[in-house]
$ cat coords18.txt   # compact mmCIF, C-alpha atoms and all ligand atoms
# COMPACT_ATOMS: atom_id res chain seq x y z
CA MET A 19 -0.10 -70.49 -56.45
CA ASP A 20 1.79 -67.31 -55.78
CA VAL A 21 1.80 -64.89 -52.91
CA CYS A 22 -1.09 -62.93 -54.39
CA THR A 23 -3.75 -64.86 -52.53
CA TYR A 24 -6.01 -62.12 -51.45
CA ALA A 25 -8.77 -62.59 -48.91
CA ASP A 26 -11.54 -60.17 -48.03
CA ILE A 27 -11.91 -61.03 -44.36
CA GLY A 28 -14.80 -58.61 -43.76
CA PRO A 29 -17.29 -61.31 -42.69
CA LEU A 30 -14.80 -62.77 -40.19
CA VAL A 31 -14.05 -59.39 -38.63
CA GLN A 32 -17.68 -58.27 -38.47
CA GLN A 33 -18.93 -61.50 -36.90
CA LYS A 34 -16.05 -61.98 -34.48
CA ALA A 35 -18.27 -61.71 -31.40
CA ASP A 36 -20.98 -64.00 -32.77
CA PRO A 37 -20.74 -67.53 -31.32
CA HIS A 38 -22.65 -68.83 -34.36
CA MET A 39 -20.35 -67.31 -36.97
CA ALA A 40 -19.45 -70.76 -38.32
CA GLU A 41 -23.01 -71.11 -39.60
CA ASP A 42 -22.56 -68.18 -41.97
CA PRO A 43 -21.56 -69.26 -45.50
CA GLN A 44 -19.68 -66.01 -46.07
CA VAL A 45 -17.56 -66.58 -42.97
CA MET A 46 -16.86 -70.14 -44.05
CA ASN A 47 -15.89 -68.93 -47.49
CA VAL A 48 -13.21 -66.71 -45.92
CA VAL A 49 -12.13 -69.59 -43.69
CA ARG A 50 -11.57 -71.78 -46.76
CA GLN A 51 -9.51 -69.09 -48.47
CA LEU A 52 -7.29 -68.62 -45.42
CA ASP A 53 -6.83 -72.35 -45.04
CA GLU A 54 -5.81 -72.76 -48.66
CA ALA A 55 -3.30 -69.90 -48.48
CA CYS A 56 -1.80 -71.22 -45.22
CA ARG A 57 -1.37 -74.71 -46.66
CA GLU A 58 0.06 -73.54 -49.98
CA ILE A 59 2.55 -70.84 -49.08
CA GLY A 60 1.87 -69.39 -45.64
CA PHE A 61 1.56 -65.82 -46.98
CA PHE A 62 -1.53 -63.89 -48.06
CA TYR A 63 -2.99 -60.40 -48.28
CA VAL A 64 -6.04 -59.32 -46.34
CA LYS A 65 -8.49 -56.56 -47.11
CA GLY A 66 -11.80 -55.84 -45.40
CA HIS A 67 -9.85 -55.86 -42.12
CA GLY A 68 -11.60 -52.74 -40.79
CA VAL A 69 -8.40 -50.88 -39.79
CA SER A 70 -8.70 -47.30 -41.00
CA PRO A 71 -6.42 -46.32 -43.90
CA HIS A 72 -5.67 -43.15 -42.00
CA LEU A 73 -4.32 -45.08 -39.01
CA LEU A 74 -2.16 -47.25 -41.28
CA GLU A 75 -0.72 -44.15 -42.88
CA GLN A 76 -0.16 -42.31 -39.60
CA VAL A 77 1.75 -45.26 -38.16
CA LEU A 78 4.12 -45.38 -41.14
CA ASP A 79 4.47 -41.63 -41.00
CA MET A 80 5.59 -41.78 -37.35
CA GLY A 81 8.31 -44.16 -38.48
CA TYR A 82 9.52 -41.82 -41.23
CA LYS A 83 9.62 -38.91 -38.82
CA PHE A 84 11.46 -40.82 -36.10
CA PHE A 85 14.14 -42.26 -38.39
CA ALA A 86 14.76 -38.80 -39.88
CA LEU A 87 15.88 -37.51 -36.46
CA PRO A 88 19.59 -37.08 -35.66
CA GLU A 89 21.22 -40.27 -34.42
CA GLU A 90 21.82 -38.86 -30.95
CA ASP A 91 18.08 -38.30 -30.51
CA LYS A 92 17.28 -41.81 -31.64
CA LEU A 93 19.89 -43.24 -29.29
CA GLN A 94 18.00 -41.70 -26.34
CA ILE A 95 15.87 -44.85 -26.47
CA ALA A 96 18.69 -47.24 -27.41
CA MET A 97 17.96 -50.93 -27.00
CA SER A 98 20.29 -53.11 -24.95
CA SER A 99 20.14 -56.14 -22.69
CA ASP A 100 19.51 -53.63 -19.85
CA THR A 101 16.25 -52.50 -21.47
CA GLY A 102 14.95 -56.03 -22.04
CA PHE A 103 15.88 -55.67 -25.73
CA ARG A 104 13.22 -52.96 -26.07
CA GLY A 105 14.00 -49.78 -27.97
CA TYR A 106 16.05 -48.41 -30.84
CA GLN A 107 18.65 -50.41 -32.72
CA LYS A 108 20.80 -48.62 -35.25
CA LEU A 109 21.73 -49.72 -38.77
CA GLY A 110 23.57 -53.03 -38.85
CA GLN A 111 22.78 -53.90 -35.25
CA ASN A 112 20.17 -56.52 -36.12
CA ILE A 113 21.82 -59.75 -37.18
CA THR A 114 20.17 -62.46 -39.24
CA LYS A 115 22.01 -65.72 -39.90
CA GLY A 116 25.26 -64.09 -38.83
CA GLN A 117 25.00 -61.13 -41.23
CA PRO A 118 24.14 -57.55 -40.21
CA ASP A 119 20.91 -56.26 -41.72
CA LEU A 120 20.54 -52.89 -43.44
CA HIS A 121 17.76 -51.66 -41.24
CA GLU A 122 17.19 -49.59 -38.12
CA ALA A 123 14.21 -50.28 -35.89
CA ILE A 124 12.40 -49.73 -32.64
CA ASP A 125 11.23 -52.96 -30.99
CA TYR A 126 8.27 -53.20 -28.63
CA PHE A 127 7.15 -56.23 -26.65
CA ARG A 128 4.03 -56.63 -24.57
CA GLU A 129 4.82 -55.79 -20.92
CA LEU A 130 3.66 -58.69 -18.78
CA GLU A 131 2.98 -58.32 -15.07
CA ASN A 132 4.69 -61.58 -14.16
CA GLN A 133 7.67 -60.59 -16.29
CA LYS A 134 8.14 -57.59 -14.06
CA LEU A 135 8.45 -59.93 -11.09
CA SER A 136 11.06 -62.15 -12.67
CA THR A 137 14.76 -61.46 -12.93
CA ARG A 138 16.54 -60.62 -16.16
CA LYS A 139 18.27 -63.93 -15.95
CA GLU A 140 14.94 -65.76 -15.92
CA ASN A 141 13.49 -63.52 -18.59
CA PRO A 142 15.81 -61.34 -20.69
CA LEU A 143 12.76 -59.53 -22.14
CA MET A 144 11.86 -58.12 -18.73
CA GLY A 145 11.62 -54.35 -19.00
CA SER A 146 9.51 -51.40 -20.06
CA ASN A 147 8.96 -50.23 -23.58
CA GLN A 148 10.83 -47.12 -24.61
CA TRP A 149 8.94 -44.22 -26.15
CA PRO A 150 10.59 -41.31 -27.99
CA ASN A 151 9.64 -37.72 -27.08
CA GLU A 152 9.57 -36.95 -30.74
CA PRO A 153 7.64 -37.19 -33.03
CA SER A 154 4.88 -35.98 -30.75
CA GLY A 155 1.96 -38.34 -30.27
CA PHE A 156 4.10 -41.40 -30.99
CA ARG A 157 3.14 -43.37 -27.89
CA PRO A 158 -0.67 -42.97 -27.96
CA LEU A 159 -0.74 -43.72 -31.67
CA ILE A 160 1.28 -46.92 -31.38
CA GLU A 161 -0.70 -48.01 -28.31
CA GLU A 162 -3.93 -47.51 -30.22
CA TYR A 163 -2.46 -49.46 -33.11
CA VAL A 164 -1.48 -52.36 -30.84
CA ASN A 165 -5.07 -52.56 -29.52
CA VAL A 166 -6.58 -52.53 -32.99
CA MET A 167 -4.09 -55.09 -34.29
CA THR A 168 -4.57 -57.42 -31.35
CA ASP A 169 -8.28 -57.51 -32.17
CA LEU A 170 -7.57 -58.14 -35.83
CA GLY A 171 -5.07 -60.89 -35.05
CA GLU A 172 -7.69 -62.59 -32.90
CA ALA A 173 -10.26 -62.43 -35.71
CA ILE A 174 -7.87 -64.07 -38.18
CA ILE A 175 -6.76 -66.74 -35.71
CA GLN A 176 -10.43 -67.56 -35.08
CA GLY A 177 -10.85 -68.09 -38.81
CA ILE A 178 -7.82 -70.37 -38.86
CA ALA A 179 -9.15 -72.21 -35.81
CA LEU A 180 -12.43 -72.81 -37.64
CA ALA A 181 -10.52 -74.15 -40.64
CA LEU A 182 -8.48 -76.55 -38.57
CA SER A 183 -10.97 -77.75 -35.96
CA GLY A 184 -14.41 -76.33 -36.64
CA LYS A 185 -14.18 -74.44 -33.32
CA LYS A 186 -13.47 -70.71 -33.32
CA ASP A 187 -11.77 -70.79 -29.92
CA ALA A 188 -9.31 -73.61 -30.64
CA PHE A 189 -6.50 -71.09 -29.99
CA GLY A 190 -8.18 -69.49 -26.99
CA GLY A 191 -7.42 -70.13 -23.31
CA LYS A 192 -3.96 -71.43 -22.49
CA ARG A 193 -2.89 -71.37 -26.13
CA ALA A 194 -3.39 -67.78 -27.20
CA GLY A 195 -6.26 -66.49 -25.08
CA ASP A 196 -3.91 -63.95 -23.48
CA PRO A 197 -1.72 -63.26 -26.50
CA PHE A 198 1.78 -61.89 -26.35
CA TRP A 199 2.65 -59.37 -29.05
CA ILE A 200 5.70 -57.79 -30.67
CA LEU A 201 5.74 -54.66 -32.79
CA ARG A 202 8.65 -53.37 -34.82
CA VAL A 203 8.89 -49.96 -36.47
CA ILE A 204 11.52 -50.58 -39.15
CA GLY A 205 13.40 -48.27 -41.52
CA TYR A 206 15.28 -49.56 -44.57
CA PRO A 207 17.66 -47.24 -46.43
CA PRO A 208 18.16 -47.98 -50.13
CA MET A 209 20.59 -50.89 -50.55
CA LYS A 210 22.21 -49.38 -53.64
CA LYS A 211 24.04 -46.79 -51.62
CA SER A 212 25.44 -49.27 -49.13
CA ASP A 213 27.74 -52.27 -48.77
CA PHE A 214 25.04 -54.37 -47.15
CA GLU A 215 23.61 -57.31 -49.04
CA VAL A 216 20.18 -57.37 -47.55
CA GLY A 217 17.67 -55.18 -45.68
CA CYS A 218 16.68 -58.13 -43.53
CA GLY A 219 18.11 -61.59 -44.15
CA ASP A 220 15.92 -64.62 -44.69
CA HIS A 221 14.12 -65.85 -41.61
CA THR A 222 10.82 -67.17 -40.38
CA ASP A 223 8.75 -65.33 -37.80
CA TYR A 224 8.52 -66.71 -34.31
CA GLY A 225 4.90 -66.88 -33.24
CA LEU A 226 1.42 -67.21 -34.69
CA LEU A 227 0.65 -64.51 -37.25
CA THR A 228 2.53 -61.50 -38.62
CA LEU A 229 0.59 -58.58 -40.09
CA VAL A 230 2.78 -56.21 -42.09
CA ASN A 231 1.85 -52.58 -42.70
CA GLN A 232 4.32 -51.50 -45.38
CA ASP A 233 4.98 -48.37 -47.42
CA PRO A 234 2.46 -48.74 -50.25
CA THR A 235 4.88 -47.41 -52.90
CA ILE A 236 8.02 -49.55 -52.43
CA PRO A 237 8.28 -53.29 -53.19
CA ALA A 238 10.82 -54.85 -50.82
CA LEU A 239 9.43 -57.90 -49.02
CA GLN A 240 10.23 -61.21 -50.68
CA VAL A 241 8.88 -64.67 -49.93
CA LYS A 242 10.41 -68.03 -50.79
CA ASN A 243 7.89 -70.14 -52.67
CA ASN A 244 7.64 -73.93 -52.75
CA GLU A 245 9.99 -74.10 -55.76
CA GLY A 246 12.66 -72.24 -53.81
CA ASN A 247 12.36 -68.97 -55.75
CA TRP A 248 12.15 -65.55 -54.15
CA ILE A 249 8.98 -63.77 -55.15
CA TRP A 250 7.95 -60.23 -54.34
CA ALA A 251 5.16 -59.57 -51.88
CA LYS A 252 4.54 -56.17 -53.40
CA PRO A 253 2.55 -53.73 -51.33
CA ILE A 254 -1.14 -53.53 -52.17
CA PRO A 255 -2.47 -50.26 -50.72
CA GLY A 256 -4.96 -50.73 -47.91
CA THR A 257 -4.02 -54.37 -47.27
CA PHE A 258 -1.84 -56.22 -44.79
CA VAL A 259 0.53 -58.94 -45.81
CA VAL A 260 -0.06 -61.75 -43.34
CA ASN A 261 2.26 -64.68 -42.71
CA ILE A 262 2.45 -67.71 -40.48
CA GLY A 263 4.92 -67.99 -37.60
CA ASP A 264 6.83 -70.96 -36.18
CA MET A 265 4.30 -71.71 -33.44
CA LEU A 266 1.44 -72.15 -35.88
CA LYS A 267 3.61 -74.50 -37.89
CA ILE A 268 4.09 -76.63 -34.79
CA TRP A 269 0.45 -76.49 -33.68
CA THR A 270 -0.65 -77.60 -37.16
CA ASN A 271 2.03 -80.31 -37.25
CA GLY A 272 3.37 -78.71 -40.41
CA LEU A 273 0.06 -78.46 -42.28
CA TYR A 274 0.78 -74.74 -42.35
CA GLN A 275 4.22 -73.38 -43.06
CA SER A 276 6.18 -70.62 -41.44
CA THR A 277 7.57 -69.37 -44.72
CA LEU A 278 11.04 -67.94 -45.23
CA HIS A 279 11.06 -64.28 -46.19
CA ARG A 280 13.53 -61.42 -46.49
CA VAL A 281 13.61 -57.71 -47.29
CA MET A 282 15.51 -56.12 -50.19
CA ASN A 283 15.04 -52.41 -50.66
CA ASP A 284 16.25 -51.96 -54.25
CA ASP A 285 14.36 -48.70 -54.53
CA SER A 286 16.08 -45.33 -54.32
CA LYS A 287 13.76 -44.24 -51.48
CA TYR A 288 13.91 -45.00 -47.78
CA ARG A 289 11.25 -47.56 -46.78
CA VAL A 290 9.33 -47.91 -43.53
CA SER A 291 7.34 -50.97 -42.50
CA VAL A 292 5.60 -51.80 -39.23
CA PRO A 293 5.04 -55.51 -38.68
CA PHE A 294 2.76 -56.53 -35.82
CA PHE A 295 3.33 -60.01 -34.45
CA TYR A 296 0.26 -61.67 -32.89
CA GLU A 297 1.69 -64.37 -30.67
CA PRO A 298 0.65 -67.23 -28.34
CA ASN A 299 0.47 -66.74 -24.58
CA PHE A 300 4.02 -66.19 -23.38
CA ASP A 301 3.96 -69.41 -21.33
CA ALA A 302 1.99 -71.49 -23.85
CA LEU A 303 3.25 -75.01 -24.37
CA VAL A 304 3.05 -75.47 -28.11
CA GLU A 305 2.71 -79.01 -29.46
CA PRO A 306 0.98 -80.46 -32.52
CA LEU A 307 -2.83 -80.49 -32.18
CA GLU A 308 -4.30 -83.96 -32.36
CA ILE A 309 -6.71 -82.90 -35.06
CA CYS A 310 -3.77 -81.82 -37.23
CA GLU A 311 -1.79 -84.97 -36.52
CA GLN A 312 -4.73 -86.97 -37.86
CA GLN A 313 -4.65 -84.92 -41.03
CA THR A 314 -0.91 -85.13 -41.54
CA GLY A 315 -0.62 -88.86 -40.74
CA SER A 316 2.40 -90.60 -39.27
CA ALA A 317 4.63 -90.17 -42.32
CA VAL A 318 4.98 -86.44 -41.71
CA PRO A 319 7.72 -85.37 -39.29
CA ARG A 320 6.49 -84.36 -35.88
CA PHE A 321 7.71 -81.31 -34.01
CA THR A 322 9.07 -81.23 -30.52
CA PRO A 323 6.89 -79.26 -28.11
CA VAL A 324 8.24 -75.84 -27.15
CA VAL A 325 7.22 -73.11 -24.76
CA TYR A 326 6.61 -70.01 -26.90
CA GLY A 327 8.42 -67.65 -24.49
CA ASP A 328 11.53 -69.85 -24.56
CA HIS A 329 11.48 -69.86 -28.35
CA VAL A 330 11.21 -66.09 -28.63
CA ILE A 331 13.89 -65.46 -25.98
CA GLY A 332 16.22 -67.84 -27.81
CA LYS A 333 15.68 -65.88 -31.02
CA VAL A 334 16.05 -62.42 -29.50
CA LEU A 335 19.31 -63.36 -27.79
CA THR A 336 20.88 -64.16 -31.17
CA ASN A 337 19.43 -61.14 -32.99
CA PHE A 338 21.95 -58.53 -32.01
CA GLY A 339 25.65 -58.08 -32.50
N1 LIG A 401 9.96 -60.76 -34.34
C1 LIG A 401 10.45 -61.05 -35.50
N2 LIG A 401 9.93 -61.95 -36.29
N3 LIG A 401 11.55 -60.41 -35.91
C2 LIG A 401 12.29 -60.76 -37.04
C3 LIG A 401 13.55 -59.92 -37.03
C4 LIG A 401 14.49 -60.15 -38.15
C5 LIG A 401 15.13 -61.47 -38.16
C6 LIG A 401 16.00 -61.72 -36.96
N4 LIG A 401 17.25 -61.01 -37.02
C7 LIG A 401 16.27 -63.21 -36.86
O1 LIG A 401 17.38 -63.66 -37.15
O2 LIG A 401 15.35 -63.93 -36.48
O1 LIG A 402 9.72 -55.11 -43.50
C1 LIG A 402 9.03 -56.07 -43.81
O2 LIG A 402 8.25 -56.01 -44.78
C2 LIG A 402 9.07 -57.36 -43.03
C3 LIG A 402 9.99 -57.36 -41.83
C4 LIG A 402 10.15 -58.72 -41.22
O3 LIG A 402 10.07 -59.71 -41.88
C5 LIG A 402 10.36 -58.87 -39.74
O4 LIG A 402 10.69 -57.89 -39.06
O5 LIG A 402 10.18 -59.98 -39.23
FE FE A 403 9.73 -61.45 -40.63

$ encode --input "coords18.txt" --output "structure tokens"
Amino acid sequence: MDVCTYADIGPLVQQKADPHMAEDPQVMNVVRQLDEACREIGFFYVKGHGVSPHLLEQVLDMGYKFFALPEEDKLQIAMSSDTGFRGYQKLGQNITKGQPDLHEAIDYFRELENQKLSTRKENPLMGSNQWPNEPSGFRPLIEEYVNVMTDLGEAIIQGIALALSGKKDAFGGKRAGDPFWILRVIGYPPMKKSDFEVGCGDHTDYGLLTLVNQDPTIPALQVKNNEGNWIWAKPIPGTFVVNIGDMLKIWTNGLYQSTLHRVMNDDSKYRVSVPFFYEPNFDALVEPLEICEQQTGSAVPRFTPVVYGDHVIGKVLTNFG
């Protein structure tokens, strides 16, 4: 199977609020498709997600407009340890596996009340998100997008919960009932004109689910398949590319993979993408679910339990030069 698994998740999204959704054959058909894609490669496309094409386009457009500003304007919202790692990072500042990446980005993290009470030493992500004055309307648009995407992430995770346990709320409550989120607005200049080797080096994502809104005209995202080859996750207009994060790998005891991926912008045009990361509760203790252990049997390596927030902090602290 390749990365082209393509699910129309319409039934899942439309019946999200229905406690009896598992009785609908169309919902269960989607659930089977998601389960298969998660077991095989951990990457798939979704359509029928209900997010308006106009909103997807506007969000990317904000990115293009922001990155086109003079550097001094962008640096007004510069990210540092003093801002809780929230804000703008310039080209080469993001580091993956020791190498600087050819991208610039603005990073946003959910602002948690209890984070505001803690010290930076306890929680380096403590801080407020940084919003640019220009392009105008940036903040309300991204805030709307975060709300819409949180809803969508919940619908997909309910489908995955049904696949794994037969219960739509298996990831509710203390697991991901109060989900953390991360959003990155990322700009990738063409690699040809630079000395950099990669737009974003190979990595796995940290949490539950990533939903990528990418420029529909530029192939750049690549996924490592089970044979170890890099394959393109070309944009399909109107869809999201969805992939599994580290926490879902642990919860499923490895039934699902958090797949390695990277970004190579070989095009001659600048590329913007906006991944939204739907995450567990910040303080969730993540350990293999019993139901998944039964399915994987004792021969499969187990994972050590981790607190999601600790995992993400550990990652962020090594992300910048
Ligand atoms: N929130 C997520 N997934 N961000 C991924 C950022 C790119 C990889 C990062 N430098 C790393 O080394 O992990
Ligand atoms: O730009 C993309 O398509 C994906 C970016 C990515 O993998 C990440 O930020 O974690
Ligand atoms: Fe990623």

$ atom_distance --input "coords18.txt" --atom1 "atom CA of Phe321 of chain A" --atom2 "atom CA of Thr270 of chain A"
9.7 Å

$ closest_atom_pairs --input "coords18.txt" --of "segment 80-186 of chain A" --to "segment 289-292 of chain A" --cutoff "10 Å" --atoms "only C-alpha atoms" --output "Markdown table"
| residue | atom | partner | partner_atom | distance |
| --- | --- | --- | --- | --- |
| A:Met80 | CA | A:Val290 | CA | 9.5 |
| A:Gly81 | CA | A:Val290 | CA | 6.4 |
| A:Tyr82 | CA | A:Val290 | CA | 6.5 |
| A:Phe85 | CA | A:Val290 | CA | 9.0 |
| A:His121 | CA | A:Arg289 | CA | 9.5 |
| A:Glu122 | CA | A:Val290 | CA | 9.7 |
| A:Ala123 | CA | A:Val292 | CA | 9.4 |
| A:Ile124 | CA | A:Val292 | CA | 9.7 |

$ closest_residue --input "coords18.txt" --among "A:Val230, A:Val304, A:Val31, A:Leu182" --to "ligand LIG 402 (chain A)" --atoms "only C-alpha atoms and all ligand atoms"
A:Val230

$ axis_aligned_box --input "coords18.txt" --around "segment 110-119 of chain A" --padding-each-side "8 Å" --output "AutoDock Vina command-line options"
--center_x 22.7 --center_y -59.4 --center_z -38.5 --size_x 21.1 --size_y 28.7 --size_z 22.5

$ residues_near_ligand --input "coords18.txt" --ligand "ligand LIG 402 (chain A)" --cutoff "7 Å" --atoms "only C-alpha atoms and all ligand atoms" --output "ChimeraX atom specification"
/A:202,204,218,223,230,232,238-239,279-281,291-293

$ closest_residue --input "coords18.txt" --among "A:Thr168, A:Thr137, A:Thr277, A:Asn247" --to "ligand LIG 401 (chain A)" --atoms "only C-alpha atoms and all ligand atoms"
A:Thr277

$ residues_near_ligand --input "coords18.txt" --ligand "ligand LIG 401 (chain A)" --cutoff "10 Å" --atoms "only C-alpha atoms and all ligand atoms" --output "compact mmCIF listing (two decimals) with C-alpha atoms, in the frame of the given file"
# COMPACT_ATOMS: atom_id res chain seq x y z
CA GLN A 111 22.78 -53.90 -35.25
CA ASN A 112 20.17 -56.52 -36.12
CA ILE A 113 21.82 -59.75 -37.18
CA THR A 114 20.17 -62.46 -39.24
CA LYS A 115 22.01 -65.72 -39.90
CA GLY A 116 25.26 -64.09 -38.83
CA GLN A 117 25.00 -61.13 -41.23
CA PRO A 118 24.14 -57.55 -40.21
CA ASP A 119 20.91 -56.26 -41.72
CA HIS A 121 17.76 -51.66 -41.24
CA ALA A 123 14.21 -50.28 -35.89
CA ASP A 125 11.23 -52.96 -30.99
CA TYR A 126 8.27 -53.20 -28.63
CA PHE A 127 7.15 -56.23 -26.65
CA TRP A 199 2.65 -59.37 -29.05
CA ILE A 200 5.70 -57.79 -30.67
CA LEU A 201 5.74 -54.66 -32.79
CA ARG A 202 8.65 -53.37 -34.82
CA ILE A 204 11.52 -50.58 -39.15
CA GLY A 217 17.67 -55.18 -45.68
CA CYS A 218 16.68 -58.13 -43.53
CA GLY A 219 18.11 -61.59 -44.15
CA ASP A 220 15.92 -64.62 -44.69
CA HIS A 221 14.12 -65.85 -41.61
CA THR A 222 10.82 -67.17 -40.38
CA ASP A 223 8.75 -65.33 -37.80
CA TYR A 224 8.52 -66.71 -34.31
CA GLY A 225 4.90 -66.88 -33.24
CA LEU A 227 0.65 -64.51 -37.25
CA THR A 228 2.53 -61.50 -38.62
CA GLY A 263 4.92 -67.99 -37.60
CA ASP A 264 6.83 -70.96 -36.18
CA HIS A 279 11.06 -64.28 -46.19
CA ARG A 280 13.53 -61.42 -46.49
CA VAL A 281 13.61 -57.71 -47.29
CA PRO A 293 5.04 -55.51 -38.68
CA PHE A 294 2.76 -56.53 -35.82
CA PHE A 295 3.33 -60.01 -34.45
CA TYR A 296 0.26 -61.67 -32.89
CA GLU A 297 1.69 -64.37 -30.67
CA VAL A 330 11.21 -66.09 -28.63
CA GLY A 332 16.22 -67.84 -27.81
CA LYS A 333 15.68 -65.88 -31.02
CA VAL A 334 16.05 -62.42 -29.50
CA LEU A 335 19.31 -63.36 -27.79
CA THR A 336 20.88 -64.16 -31.17
CA ASN A 337 19.43 -61.14 -32.99
CA PHE A 338 21.95 -58.53 -32.01
CA GLY A 339 25.65 -58.08 -32.50

$ closest_residue --input "coords18.txt" --among "A:Thr23, A:Ser98, A:Ser212, A:Gln148" --to "Tyr63 of chain A" --atoms "all atoms listed in the file"
A:Thr23

$ atom_distance --input "coords18.txt" --atom1 "atom CA of Gly256 of chain A" --atom2 "atom CA of Leu74 of chain A"
8.0 Å

$ residues_around --input "coords18.txt" --residues "Thr314 of chain A" --least-positions-apart "6" --cutoff "12 Å" --atoms "only C-alpha atoms" --output "PDB file with C-alpha atoms, keeping the file's coordinate frame"
ATOM      1  CA  ARG A  57      -1.370 -74.710 -46.660  1.00  0.00           C
ATOM      2  CA  LEU A 182      -8.480 -76.550 -38.570  1.00  0.00           C
ATOM      3  CA  ILE A 268       4.090 -76.630 -34.790  1.00  0.00           C
ATOM      4  CA  TRP A 269       0.450 -76.490 -33.680  1.00  0.00           C
ATOM      5  CA  THR A 270      -0.650 -77.600 -37.160  1.00  0.00           C
ATOM      6  CA  ASN A 271       2.030 -80.310 -37.250  1.00  0.00           C
ATOM      7  CA  GLY A 272       3.370 -78.710 -40.410  1.00  0.00           C
ATOM      8  CA  LEU A 273       0.060 -78.460 -42.280  1.00  0.00           C
ATOM      9  CA  TYR A 274       0.780 -74.740 -42.350  1.00  0.00           C
ATOM     10  CA  PRO A 306       0.980 -80.460 -32.520  1.00  0.00           C
ATOM     11  CA  LEU A 307      -2.830 -80.490 -32.180  1.00  0.00           C
ATOM     12  CA  GLU A 308      -4.300 -83.960 -32.360  1.00  0.00           C
ATOM     13  CA  ARG A 320       6.490 -84.360 -35.880  1.00  0.00           C
TER      14      ARG A 320
END

$ closest_residue --input "coords18.txt" --among "A:Val260, A:Asn299, A:Glu311, A:Leu266" --to "ligand FE 403 (chain A)" --atoms "all atoms listed in the file"
A:Val260

$ closest_residue --input "coords18.txt" --among "A:Lys192, A:Glu58, A:Leu229, A:Glu75" --to "ligand FE 403 (chain A)" --atoms "only C-alpha atoms and all ligand atoms"
A:Leu229

$ atom_distance --input "coords18.txt" --atom1 "atom CA of Ser276 of chain A" --atom2 "atom CA of Phe103 of chain A"
23.8 Å

$ closest_residue --input "coords18.txt" --among "A:Pro234, A:Gly105, A:Gly110, A:Gly205" --to "Lys83 of chain A" --atoms "all atoms listed in the file"
A:Gly205

$ residues_around --input "coords18.txt" --residues "Lys287 of chain A" --least-positions-apart "3" --cutoff "10 Å" --atoms "all atoms listed in the file" --output "ChimeraX atom specification"
/A:206-209,235-236,283-284,290
